[in-house]
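What's in protein-v4.pdb: PDB, C-alpha atoms, pLDDT in the B column
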```pdb
ATOM      1  CA  MET A   1    -116.459 174.136 261.272  1.00 42.00           C
ATOM      2  CA  SER A   2    -119.217 176.738 261.012  1.00 48.00           C
ATOM      3  CA  ILE A   3    -122.453 175.794 262.723  1.00 56.00           C
ATOM      4  CA  PHE A   4    -125.445 177.554 261.188  1.00 70.00           C
ATOM      5  CA  LYS A   5    -128.296 175.129 261.874  1.00 76.00           C
ATOM      6  CA  THR A   6    -128.529 171.932 263.878  1.00 88.00           C
ATOM      7  CA  ASP A   7    -131.020 169.129 263.451  1.00 91.00           C
ATOM      8  CA  PHE A   8    -130.104 166.418 265.920  1.00 94.00           C
ATOM      9  CA  ASN A   9    -132.225 163.631 267.339  1.00 95.00           C
ATOM     10  CA  PHE A  10    -130.695 162.510 270.646  1.00 96.00           C
ATOM     11  CA  PRO A  11    -131.722 159.382 272.584  1.00 97.00           C
ATOM     12  CA  ASN A  12    -134.487 160.252 275.091  1.00 98.00           C
ATOM     13  CA  GLN A  13    -134.918 163.702 273.489  1.00 98.00           C
ATOM     14  CA  THR A  14    -138.162 165.288 274.677  1.00 97.00           C
ATOM     15  CA  ALA A  15    -137.959 168.775 273.126  1.00 97.00           C
ATOM     16  CA  VAL A  16    -135.904 171.091 270.972  1.00 96.00           C
ATOM     17  CA  TYR A  17    -135.774 174.869 270.799  1.00 93.00           C
ATOM     18  CA  HIS A  18    -134.085 176.730 267.957  1.00 91.00           C
ATOM     19  CA  GLY A  19    -133.268 180.201 269.230  1.00 87.00           C
ATOM     20  CA  LYS A  20    -131.666 183.137 267.513  1.00 86.00           C
ATOM     21  CA  VAL A  21    -128.122 182.007 268.323  1.00 89.00           C
ATOM     22  CA  ARG A  22    -128.466 178.743 270.274  1.00 92.00           C
ATOM     23  CA  ASP A  23    -130.204 175.425 269.728  1.00 95.00           C
ATOM     24  CA  VAL A  24    -131.304 173.706 272.923  1.00 96.00           C
ATOM     25  CA  TYR A  25    -132.210 170.029 273.117  1.00 97.00           C
ATOM     26  CA  THR A  26    -134.028 168.680 276.187  1.00 98.00           C
ATOM     27  CA  ILE A  27    -133.121 165.132 277.194  1.00 98.00           C
ATOM     28  CA  ALA A  28    -135.496 163.069 279.369  1.00 98.00           C
ATOM     29  CA  ASP A  29    -136.971 166.348 280.688  1.00 97.00           C
ATOM     30  CA  LYS A  30    -133.914 166.513 282.982  1.00 98.00           C
ATOM     31  CA  TYR A  31    -130.920 167.658 280.932  1.00 98.00           C
ATOM     32  CA  LEU A  32    -130.167 170.257 278.282  1.00 98.00           C
ATOM     33  CA  VAL A  33    -127.726 170.077 275.406  1.00 98.00           C
ATOM     34  CA  MET A  34    -127.082 173.685 274.407  1.00 97.00           C
ATOM     35  CA  ILE A  35    -125.348 174.287 271.095  1.00 97.00           C
ATOM     36  CA  ALA A  36    -123.989 177.769 270.464  1.00 95.00           C
ATOM     37  CA  SER A  37    -124.216 178.431 266.737  1.00 94.00           C
ATOM     38  CA  ASP A  38    -122.384 180.820 264.484  1.00 94.00           C
ATOM     39  CA  ARG A  39    -125.680 182.622 263.777  1.00 92.00           C
ATOM     40  CA  ILE A  40    -125.723 186.292 264.616  1.00 88.00           C
ATOM     41  CA  SER A  41    -128.764 188.264 265.687  1.00 84.00           C
ATOM     42  CA  ALA A  42    -129.201 192.016 265.529  1.00 79.00           C
ATOM     43  CA  PHE A  43    -132.354 193.629 266.879  1.00 71.00           C
ATOM     44  CA  ASP A  44    -134.148 190.259 266.986  1.00 72.00           C
ATOM     45  CA  VAL A  45    -133.334 189.388 263.360  1.00 81.00           C
ATOM     46  CA  VAL A  46    -131.032 186.499 262.492  1.00 83.00           C
ATOM     47  CA  LEU A  47    -128.662 187.735 259.827  1.00 88.00           C
ATOM     48  CA  PRO A  48    -128.248 185.638 256.657  1.00 89.00           C
ATOM     49  CA  LYS A  49    -124.537 184.838 257.038  1.00 90.00           C
ATOM     50  CA  PRO A  50    -122.968 183.214 260.102  1.00 91.00           C
ATOM     51  CA  VAL A  51    -119.798 184.489 261.762  1.00 91.00           C
ATOM     52  CA  PRO A  52    -117.216 181.674 261.734  1.00 93.00           C
ATOM     53  CA  TYR A  53    -116.270 180.430 265.223  1.00 95.00           C
ATOM     54  CA  LYS A  54    -118.691 182.836 266.953  1.00 94.00           C
ATOM     55  CA  GLY A  55    -120.530 179.934 268.607  1.00 94.00           C
ATOM     56  CA  GLN A  56    -117.292 178.390 269.819  1.00 96.00           C
ATOM     57  CA  VAL A  57    -116.090 181.674 271.325  1.00 97.00           C
ATOM     58  CA  LEU A  58    -119.504 182.397 272.895  1.00 94.00           C
ATOM     59  CA  ASN A  59    -119.688 178.928 274.428  1.00 97.00           C
ATOM     60  CA  GLN A  60    -116.104 178.914 275.687  1.00 98.00           C
ATOM     61  CA  VAL A  61    -116.492 182.349 277.336  1.00 97.00           C
ATOM     62  CA  ALA A  62    -119.706 181.204 279.058  1.00 96.00           C
ATOM     63  CA  THR A  63    -118.044 177.942 280.119  1.00 97.00           C
ATOM     64  CA  GLU A  64    -115.094 179.802 281.625  1.00 97.00           C
ATOM     65  CA  PHE A  65    -117.338 182.076 283.681  1.00 95.00           C
ATOM     66  CA  LEU A  66    -119.539 179.177 284.821  1.00 96.00           C
ATOM     67  CA  MET A  67    -116.426 177.285 285.938  1.00 96.00           C
ATOM     68  CA  GLN A  68    -114.938 180.330 287.686  1.00 96.00           C
ATOM     69  CA  THR A  69    -118.129 181.069 289.666  1.00 93.00           C
ATOM     70  CA  LYS A  70    -119.470 177.574 290.421  1.00 93.00           C
ATOM     71  CA  ASP A  71    -118.192 177.745 294.022  1.00 93.00           C
ATOM     72  CA  LEU A  72    -119.942 181.097 294.548  1.00 88.00           C
ATOM     73  CA  VAL A  73    -123.296 180.385 292.902  1.00 84.00           C
ATOM     74  CA  PRO A  74    -124.647 177.010 291.821  1.00 87.00           C
ATOM     75  CA  ASN A  75    -125.189 176.769 288.074  1.00 93.00           C
ATOM     76  CA  TRP A  76    -126.674 174.384 285.562  1.00 95.00           C
ATOM     77  CA  MET A  77    -123.505 173.208 283.782  1.00 97.00           C
ATOM     78  CA  ILE A  78    -122.376 169.588 283.934  1.00 97.00           C
ATOM     79  CA  SER A  79    -119.794 169.580 281.131  1.00 97.00           C
ATOM     80  CA  ALA A  80    -118.676 171.179 277.878  1.00 97.00           C
ATOM     81  CA  PRO A  81    -117.689 168.211 275.699  1.00 97.00           C
ATOM     82  CA  ASP A  82    -117.217 170.292 272.546  1.00 97.00           C
ATOM     83  CA  PRO A  83    -116.208 173.929 271.933  1.00 97.00           C
ATOM     84  CA  ASN A  84    -119.789 174.693 270.794  1.00 96.00           C
ATOM     85  CA  VAL A  85    -121.669 172.486 273.265  1.00 97.00           C
ATOM     86  CA  THR A  86    -122.589 172.657 276.938  1.00 98.00           C
ATOM     87  CA  ILE A  87    -124.554 169.951 278.743  1.00 98.00           C
ATOM     88  CA  GLY A  88    -126.370 170.770 281.931  1.00 98.00           C
ATOM     89  CA  TYR A  89    -129.383 170.325 284.137  1.00 98.00           C
ATOM     90  CA  LYS A  90    -132.755 171.576 282.995  1.00 97.00           C
ATOM     91  CA  CYS A  91    -133.876 174.233 285.436  1.00 93.00           C
ATOM     92  CA  GLU A  92    -136.294 177.130 285.632  1.00 87.00           C
ATOM     93  CA  PRO A  93    -134.460 180.273 284.528  1.00 85.00           C
ATOM     94  CA  PHE A  94    -134.907 183.758 285.855  1.00 87.00           C
ATOM     95  CA  LYS A  95    -136.417 185.530 282.822  1.00 88.00           C
ATOM     96  CA  VAL A  96    -134.134 188.542 283.238  1.00 92.00           C
ATOM     97  CA  GLU A  97    -130.894 189.540 281.553  1.00 89.00           C
ATOM     98  CA  MET A  98    -128.490 191.534 283.702  1.00 89.00           C
ATOM     99  CA  VAL A  99    -126.445 193.964 281.620  1.00 90.00           C
ATOM    100  CA  ILE A 100    -123.602 195.577 283.552  1.00 93.00           C
ATOM    101  CA  ARG A 101    -122.533 198.748 281.813  1.00 96.00           C
ATOM    102  CA  GLY A 102    -119.304 200.644 282.309  1.00 96.00           C
ATOM    103  CA  TYR A 103    -119.793 203.001 279.387  1.00 97.00           C
ATOM    104  CA  LEU A 104    -122.637 204.891 277.735  1.00 97.00           C
ATOM    105  CA  SER A 105    -122.983 202.807 274.590  1.00 94.00           C
ATOM    106  CA  GLY A 106    -125.500 200.754 272.617  1.00 91.00           C
ATOM    107  CA  HIS A 107    -129.052 200.771 273.938  1.00 91.00           C
ATOM    108  CA  ALA A 108    -128.131 203.026 276.873  1.00 94.00           C
ATOM    109  CA  ALA A 109    -126.627 205.638 274.529  1.00 95.00           C
ATOM    110  CA  ARG A 110    -129.718 205.582 272.305  1.00 94.00           C
ATOM    111  CA  GLU A 111    -132.014 206.087 275.304  1.00 95.00           C
ATOM    112  CA  TYR A 112    -129.778 208.846 276.660  1.00 97.00           C
ATOM    113  CA  ALA A 113    -129.822 210.633 273.286  1.00 97.00           C
ATOM    114  CA  LEU A 114    -133.632 210.631 273.517  1.00 97.00           C
ATOM    115  CA  GLY A 115    -133.306 212.612 276.757  1.00 97.00           C
ATOM    116  CA  LYS A 116    -133.864 209.759 279.197  1.00 96.00           C
ATOM    117  CA  ARG A 117    -131.771 210.064 282.346  1.00 97.00           C
ATOM    118  CA  LYS A 118    -133.158 206.973 284.074  1.00 96.00           C
ATOM    119  CA  LEU A 119    -132.508 203.537 282.599  1.00 96.00           C
ATOM    120  CA  CYS A 120    -133.936 200.433 284.259  1.00 95.00           C
ATOM    121  CA  GLY A 121    -134.460 202.407 287.463  1.00 94.00           C
ATOM    122  CA  VAL A 122    -130.867 203.690 287.460  1.00 95.00           C
ATOM    123  CA  ASP A 123    -130.256 207.451 287.402  1.00 95.00           C
ATOM    124  CA  LEU A 124    -127.700 208.455 284.772  1.00 96.00           C
ATOM    125  CA  PRO A 125    -125.585 211.583 285.193  1.00 95.00           C
ATOM    126  CA  GLU A 126    -126.074 214.658 283.011  1.00 96.00           C
ATOM    127  CA  GLY A 127    -123.550 215.792 280.438  1.00 96.00           C
ATOM    128  CA  LEU A 128    -122.403 212.441 279.071  1.00 97.00           C
ATOM    129  CA  ASN A 129    -121.488 211.774 275.465  1.00 97.00           C
ATOM    130  CA  GLU A 130    -121.714 208.419 273.706  1.00 96.00           C
ATOM    131  CA  SER A 131    -118.976 206.038 274.888  1.00 97.00           C
ATOM    132  CA  ASP A 132    -118.200 208.098 278.025  1.00 98.00           C
ATOM    133  CA  LYS A 133    -117.285 206.038 281.081  1.00 97.00           C
ATOM    134  CA  PHE A 134    -119.825 205.958 283.906  1.00 96.00           C
ATOM    135  CA  PRO A 135    -118.565 207.083 287.333  1.00 95.00           C
ATOM    136  CA  ALA A 136    -119.326 203.508 288.496  1.00 95.00           C
ATOM    137  CA  PRO A 137    -120.722 200.495 286.625  1.00 96.00           C
ATOM    138  CA  VAL A 138    -124.526 200.335 286.434  1.00 95.00           C
ATOM    139  CA  ILE A 139    -126.788 197.280 286.290  1.00 94.00           C
ATOM    140  CA  THR A 140    -129.523 197.619 283.658  1.00 94.00           C
ATOM    141  CA  PRO A 141    -131.802 194.561 283.644  1.00 94.00           C
ATOM    142  CA  SER A 142    -134.197 193.644 280.864  1.00 92.00           C
ATOM    143  CA  THR A 143    -136.890 191.004 280.561  1.00 89.00           C
ATOM    144  CA  LYS A 144    -136.077 187.929 278.508  1.00 77.00           C
ATOM    145  CA  ALA A 145    -139.064 187.655 276.212  1.00 70.00           C
ATOM    146  CA  ASP A 146    -140.011 184.271 274.739  1.00 66.00           C
ATOM    147  CA  ALA A 147    -140.990 186.178 271.586  1.00 65.00           C
ATOM    148  CA  GLY A 148    -140.469 189.746 270.487  1.00 65.00           C
ATOM    149  CA  HIS A 149    -138.229 192.287 272.122  1.00 72.00           C
ATOM    150  CA  ASP A 150    -136.713 192.272 275.582  1.00 79.00           C
ATOM    151  CA  GLU A 151    -137.941 195.196 277.680  1.00 89.00           C
ATOM    152  CA  ASP A 152    -136.097 197.413 280.155  1.00 93.00           C
ATOM    153  CA  ILE A 153    -137.133 196.746 283.739  1.00 95.00           C
ATOM    154  CA  SER A 154    -136.000 198.030 287.130  1.00 95.00           C
ATOM    155  CA  ARG A 155    -134.985 196.019 290.181  1.00 94.00           C
ATOM    156  CA  GLU A 156    -138.158 197.198 291.918  1.00 95.00           C
ATOM    157  CA  GLU A 157    -140.374 196.060 289.009  1.00 95.00           C
ATOM    158  CA  ILE A 158    -138.633 192.671 288.855  1.00 94.00           C
ATOM    159  CA  ILE A 159    -139.411 192.058 292.527  1.00 94.00           C
ATOM    160  CA  ALA A 160    -142.930 193.570 292.410  1.00 95.00           C
ATOM    161  CA  LYS A 161    -143.880 191.384 289.420  1.00 93.00           C
ATOM    162  CA  GLY A 162    -142.489 188.272 291.115  1.00 92.00           C
ATOM    163  CA  ILE A 163    -139.999 187.568 288.329  1.00 92.00           C
ATOM    164  CA  ILE A 164    -137.283 187.173 290.963  1.00 91.00           C
ATOM    165  CA  ALA A 165    -137.901 187.023 294.713  1.00 91.00           C
ATOM    166  CA  GLU A 166    -136.201 189.753 296.729  1.00 91.00           C
ATOM    167  CA  ASN A 167    -134.061 187.226 298.610  1.00 89.00           C
ATOM    168  CA  ASP A 168    -132.787 185.857 295.251  1.00 85.00           C
ATOM    169  CA  TYR A 169    -132.060 189.313 293.829  1.00 84.00           C
ATOM    170  CA  LEU A 170    -128.643 190.057 295.300  1.00 74.00           C
ATOM    171  CA  PHE A 171    -127.943 193.571 294.028  1.00 63.00           C
TER     172      PHE A 171
END
```
Written as structure tokens, that's how I'd like the structure from this file.
Amino acid sequence: MSIFKTDFNFPNQTAVYHGKVRDVYTIADKYLVMIASDRISAFDVVLPKPVPYKGQVLNQVATEFLMQTKDLVPNWMISAPDPNVTIGYKCEPFKVEMVIRGYLSGHAAREYALGKRKLCGVDLPEGLNESDKFPAPVITPSTKADAGHDEDISREEIIAKGIIAENDYLF
């Protein structure tokens, strides 16, 4: 079943957020029901046609990683009762996305082609071509904007701006 748009009304529902690829329902201001849709977003635009089973795959990959790491780091997940759905605790997120890159591709390749050799506070080696492997993986954080585009940010800026406390930032 392809999920393109949801419009549920759950008992004790206190809020709903329709994102680019997920719909999130808040229950009793304590729980979240997150539904991964088949919508696809490119450069902050939701494309007109969904990708069948994308939401299911996205949700099941996230569920697997949350299950595999729950003994290392506490997380919000309570259960995944459906391939597209995860239920968990409402919590205050860190408004940062951590992108771990092994190769010069996507956004990093575009920035590199513009002559930038520092991305998110990380020095990049000279002489790379698109899709070349980095000598070691690099962490390139970006802000998670409520609206508009995410922005590149360094570890130092994240801590200086108080987005994440230094003792919570592990890398």
Picked residues, the PyMOL selection byres ((chain A and resi 41) around 12), as an mmCIF file with C-alpha atoms, in the frame of the given file:
```cif
data_model
loop_
_atom_site.group_PDB
_atom_site.id
_atom_site.type_symbol
_atom_site.label_atom_id
_atom_site.label_comp_id
_atom_site.auth_asym_id
_atom_site.auth_seq_id
_atom_site.Cartn_x
_atom_site.Cartn_y
_atom_site.Cartn_z
ATOM 1 C CA GLY A 19 -133.268 180.201 269.230
ATOM 2 C CA LYS A 20 -131.666 183.137 267.513
ATOM 3 C CA VAL A 21 -128.122 182.007 268.323
ATOM 4 C CA ARG A 22 -128.466 178.743 270.274
ATOM 5 C CA SER A 37 -124.216 178.431 266.737
ATOM 6 C CA ASP A 38 -122.384 180.820 264.484
ATOM 7 C CA ARG A 39 -125.680 182.622 263.777
ATOM 8 C CA ILE A 40 -125.723 186.292 264.616
ATOM 9 C CA ALA A 42 -129.201 192.016 265.529
ATOM 10 C CA PHE A 43 -132.354 193.629 266.879
ATOM 11 C CA ASP A 44 -134.148 190.259 266.986
ATOM 12 C CA VAL A 45 -133.334 189.388 263.360
ATOM 13 C CA VAL A 46 -131.032 186.499 262.492
ATOM 14 C CA LEU A 47 -128.662 187.735 259.827
ATOM 15 C CA PRO A 48 -128.248 185.638 256.657
ATOM 16 C CA LYS A 49 -124.537 184.838 257.038
ATOM 17 C CA PRO A 50 -122.968 183.214 260.102
ATOM 18 C CA VAL A 51 -119.798 184.489 261.762
ATOM 19 C CA LYS A 54 -118.691 182.836 266.953
#
```
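Closest approach to Ile100 in chain A among A:Gly121, A:Pro141, A:Gly115, A:Pro135 is made by A:Pro141 (distances from only C-alpha atoms).
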*asked:* Report, in Å to a single decimal, how far apart CA of Pro93 in chain A and CA of Gln68 in chain A are.
replied: 19.8 Å
*Convert the output of the PyMOL selection byres ((chain A and resi 26-31) around 12) on the shown file into explicit residues, formatted as a PyMOL selection string.*
chain A and resi 8-18+23-25+32-35+76-79+86-92
*Calculate how many Å separate CA of Ser142 in chain A from CA of Tyr53 in chain A, rounding to one decimal.*
27.2 Å
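Pairwise distance (CA of Leu170 in chain A, CA of Ile139 in chain A) equals 11.7 Å.
The closest residue to Ala165 in chain A, picked from A:Val138, A:Phe94, A:Lys5, A:Val73 and counting all atoms listed in the file, is A:Phe94.
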*Around (-128.5, 206.8, 287.5) in the file's frame, which residues reach within 12 Å when counting all atoms listed in the file? Return as number ranges by chain?*
A: 101, 104, 108, 112, 116-126, 128, 134-140, 154
_Picked residues, the PyMOL selection byres ((chain A and resi 157-159) around 10), expected as a ChimeraX atom specification_ = /A:95-96,120-121,141-143,152-156,160-169
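Of the residues listed (A:Leu66, A:Asn59, A:Glu151, A:Met98), A:Asn59 shows the shortest atom-to-atom separation from Pro81 in chain A; distances use all atoms listed in the file.
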Working from the structure I just supplied, which lacks atoms in range 63-89 of chain A, can you model N, CA, C and O atoms there and output them as a PDB file, in the frame of the given file?
```pdb
ATOM      1  N   THR A  63    -118.576 179.070 279.350  1.00 97.00           N
ATOM      2  CA  THR A  63    -118.044 177.942 280.119  1.00 97.00           C
ATOM      3  C   THR A  63    -117.014 178.414 281.139  1.00 97.00           C
ATOM      4  O   THR A  63    -117.036 177.994 282.297  1.00 97.00           O
ATOM      5  N   GLU A  64    -116.129 179.288 280.713  1.00 97.00           N
ATOM      6  CA  GLU A  64    -115.094 179.802 281.625  1.00 97.00           C
ATOM      7  C   GLU A  64    -115.722 180.513 282.827  1.00 97.00           C
ATOM      8  O   GLU A  64    -115.324 180.279 283.967  1.00 97.00           O
ATOM      9  N   PHE A  65    -116.710 181.359 282.575  1.00 95.00           N
ATOM     10  CA  PHE A  65    -117.338 182.076 283.681  1.00 95.00           C
ATOM     11  C   PHE A  65    -118.145 181.144 284.579  1.00 95.00           C
ATOM     12  O   PHE A  65    -118.145 181.306 285.807  1.00 95.00           O
ATOM     13  N   LEU A  66    -118.814 180.145 283.998  1.00 96.00           N
ATOM     14  CA  LEU A  66    -119.539 179.177 284.821  1.00 96.00           C
ATOM     15  C   LEU A  66    -118.573 178.393 285.702  1.00 96.00           C
ATOM     16  O   LEU A  66    -118.857 178.141 286.874  1.00 96.00           O
ATOM     17  N   MET A  67    -117.433 178.013 285.153  1.00 96.00           N
ATOM     18  CA  MET A  67    -116.426 177.285 285.938  1.00 96.00           C
ATOM     19  C   MET A  67    -115.841 178.168 287.047  1.00 96.00           C
ATOM     20  O   MET A  67    -115.650 177.717 288.168  1.00 96.00           O
ATOM     21  N   GLN A  68    -115.559 179.422 286.721  1.00 96.00           N
ATOM     22  CA  GLN A  68    -114.938 180.330 287.686  1.00 96.00           C
ATOM     23  C   GLN A  68    -115.867 180.697 288.845  1.00 96.00           C
ATOM     24  O   GLN A  68    -115.392 181.065 289.918  1.00 96.00           O
ATOM     25  N   THR A  69    -117.182 180.625 288.625  1.00 93.00           N
ATOM     26  CA  THR A  69    -118.129 181.069 289.666  1.00 93.00           C
ATOM     27  C   THR A  69    -118.915 179.932 290.312  1.00 93.00           C
ATOM     28  O   THR A  69    -119.730 180.181 291.195  1.00 93.00           O
ATOM     29  N   LYS A  70    -118.660 178.690 289.917  1.00 93.00           N
ATOM     30  CA  LYS A  70    -119.470 177.574 290.421  1.00 93.00           C
ATOM     31  C   LYS A  70    -119.392 177.402 291.942  1.00 93.00           C
ATOM     32  O   LYS A  70    -120.324 176.884 292.546  1.00 93.00           O
ATOM     33  N   ASP A  71    -118.297 177.836 292.566  1.00 93.00           N
ATOM     34  CA  ASP A  71    -118.192 177.745 294.022  1.00 93.00           C
ATOM     35  C   ASP A  71    -118.911 178.887 294.724  1.00 93.00           C
ATOM     36  O   ASP A  71    -119.174 178.806 295.922  1.00 93.00           O
ATOM     37  N   LEU A  72    -119.225 179.947 293.977  1.00 88.00           N
ATOM     38  CA  LEU A  72    -119.942 181.097 294.548  1.00 88.00           C
ATOM     39  C   LEU A  72    -121.447 180.961 294.406  1.00 88.00           C
ATOM     40  O   LEU A  72    -122.206 181.280 295.327  1.00 88.00           O
ATOM     41  N   VAL A  73    -121.872 180.502 293.223  1.00 84.00           N
ATOM     42  CA  VAL A  73    -123.296 180.385 292.902  1.00 84.00           C
ATOM     43  C   VAL A  73    -123.492 179.087 292.130  1.00 84.00           C
ATOM     44  O   VAL A  73    -122.825 178.857 291.121  1.00 84.00           O
ATOM     45  N   PRO A  74    -124.407 178.246 292.577  1.00 87.00           N
ATOM     46  CA  PRO A  74    -124.647 177.010 291.821  1.00 87.00           C
ATOM     47  C   PRO A  74    -125.113 177.349 290.402  1.00 87.00           C
ATOM     48  O   PRO A  74    -125.815 178.339 290.193  1.00 87.00           O
ATOM     49  N   ASN A  75    -124.719 176.548 289.437  1.00 93.00           N
ATOM     50  CA  ASN A  75    -125.189 176.769 288.074  1.00 93.00           C
ATOM     51  C   ASN A  75    -125.594 175.448 287.439  1.00 93.00           C
ATOM     52  O   ASN A  75    -125.458 174.390 288.036  1.00 93.00           O
ATOM     53  N   TRP A  76    -126.068 175.527 286.240  1.00 95.00           N
ATOM     54  CA  TRP A  76    -126.674 174.384 285.562  1.00 95.00           C
ATOM     55  C   TRP A  76    -125.676 173.475 284.846  1.00 95.00           C
ATOM     56  O   TRP A  76    -125.997 172.339 284.505  1.00 95.00           O
ATOM     57  N   MET A  77    -124.455 173.914 284.635  1.00 97.00           N
ATOM     58  CA  MET A  77    -123.505 173.208 283.782  1.00 97.00           C
ATOM     59  C   MET A  77    -122.980 171.906 284.400  1.00 97.00           C
ATOM     60  O   MET A  77    -122.572 171.880 285.555  1.00 97.00           O
ATOM     61  N   ILE A  78    -122.994 170.864 283.572  1.00 97.00           N
ATOM     62  CA  ILE A  78    -122.376 169.588 283.934  1.00 97.00           C
ATOM     63  C   ILE A  78    -121.037 169.456 283.223  1.00 97.00           C
ATOM     64  O   ILE A  78    -120.020 169.146 283.835  1.00 97.00           O
ATOM     65  N   SER A  79    -121.034 169.699 281.897  1.00 97.00           N
ATOM     66  CA  SER A  79    -119.794 169.580 281.131  1.00 97.00           C
ATOM     67  C   SER A  79    -119.905 170.355 279.820  1.00 97.00           C
ATOM     68  O   SER A  79    -120.993 170.721 279.395  1.00 97.00           O
ATOM     69  N   ALA A  80    -118.762 170.564 279.206  1.00 97.00           N
ATOM     70  CA  ALA A  80    -118.676 171.179 277.878  1.00 97.00           C
ATOM     71  C   ALA A  80    -117.823 170.255 277.014  1.00 97.00           C
ATOM     72  O   ALA A  80    -116.618 170.446 276.879  1.00 97.00           O
ATOM     73  N   PRO A  81    -118.450 169.228 276.413  1.00 97.00           N
ATOM     74  CA  PRO A  81    -117.689 168.211 275.699  1.00 97.00           C
ATOM     75  C   PRO A  81    -117.180 168.634 274.312  1.00 97.00           C
ATOM     76  O   PRO A  81    -116.427 167.897 273.695  1.00 97.00           O
ATOM     77  N   ASP A  82    -117.596 169.793 273.862  1.00 97.00           N
ATOM     78  CA  ASP A  82    -117.217 170.292 272.546  1.00 97.00           C
ATOM     79  C   ASP A  82    -117.137 171.810 272.641  1.00 97.00           C
ATOM     80  O   ASP A  82    -117.836 172.410 273.465  1.00 97.00           O
ATOM     81  N   PRO A  83    -116.304 172.472 271.842  1.00 97.00           N
ATOM     82  CA  PRO A  83    -116.208 173.929 271.933  1.00 97.00           C
ATOM     83  C   PRO A  83    -117.534 174.667 271.739  1.00 97.00           C
ATOM     84  O   PRO A  83    -117.712 175.768 272.249  1.00 97.00           O
ATOM     85  N   ASN A  84    -118.492 174.053 271.032  1.00 96.00           N
ATOM     86  CA  ASN A  84    -119.789 174.693 270.794  1.00 96.00           C
ATOM     87  C   ASN A  84    -120.897 174.167 271.699  1.00 96.00           C
ATOM     88  O   ASN A  84    -122.026 174.646 271.600  1.00 96.00           O
ATOM     89  N   VAL A  85    -120.612 173.197 272.549  1.00 97.00           N
ATOM     90  CA  VAL A  85    -121.669 172.486 273.265  1.00 97.00           C
ATOM     91  C   VAL A  85    -121.463 172.534 274.778  1.00 97.00           C
ATOM     92  O   VAL A  85    -120.362 172.304 275.270  1.00 97.00           O
ATOM     93  N   THR A  86    -122.566 172.788 275.484  1.00 98.00           N
ATOM     94  CA  THR A  86    -122.589 172.657 276.938  1.00 98.00           C
ATOM     95  C   THR A  86    -123.762 171.762 277.302  1.00 98.00           C
ATOM     96  O   THR A  86    -124.860 171.903 276.768  1.00 98.00           O
ATOM     97  N   ILE A  87    -123.517 170.838 278.227  1.00 98.00           N
ATOM     98  CA  ILE A  87    -124.554 169.951 278.743  1.00 98.00           C
ATOM     99  C   ILE A  87    -124.788 170.330 280.194  1.00 98.00           C
ATOM    100  O   ILE A  87    -123.844 170.554 280.955  1.00 98.00           O
ATOM    101  N   GLY A  88    -126.063 170.402 280.559  1.00 98.00           N
ATOM    102  CA  GLY A  88    -126.370 170.770 281.931  1.00 98.00           C
ATOM    103  C   GLY A  88    -127.745 170.316 282.353  1.00 98.00           C
ATOM    104  O   GLY A  88    -128.472 169.669 281.597  1.00 98.00           O
ATOM    105  N   TYR A  89    -128.088 170.671 283.579  1.00 98.00           N
ATOM    106  CA  TYR A  89    -129.383 170.325 284.137  1.00 98.00           C
ATOM    107  C   TYR A  89    -130.454 171.278 283.630  1.00 98.00           C
ATOM    108  O   TYR A  89    -130.225 172.485 283.512  1.00 98.00           O
TER     109      TYR A  89
END
```
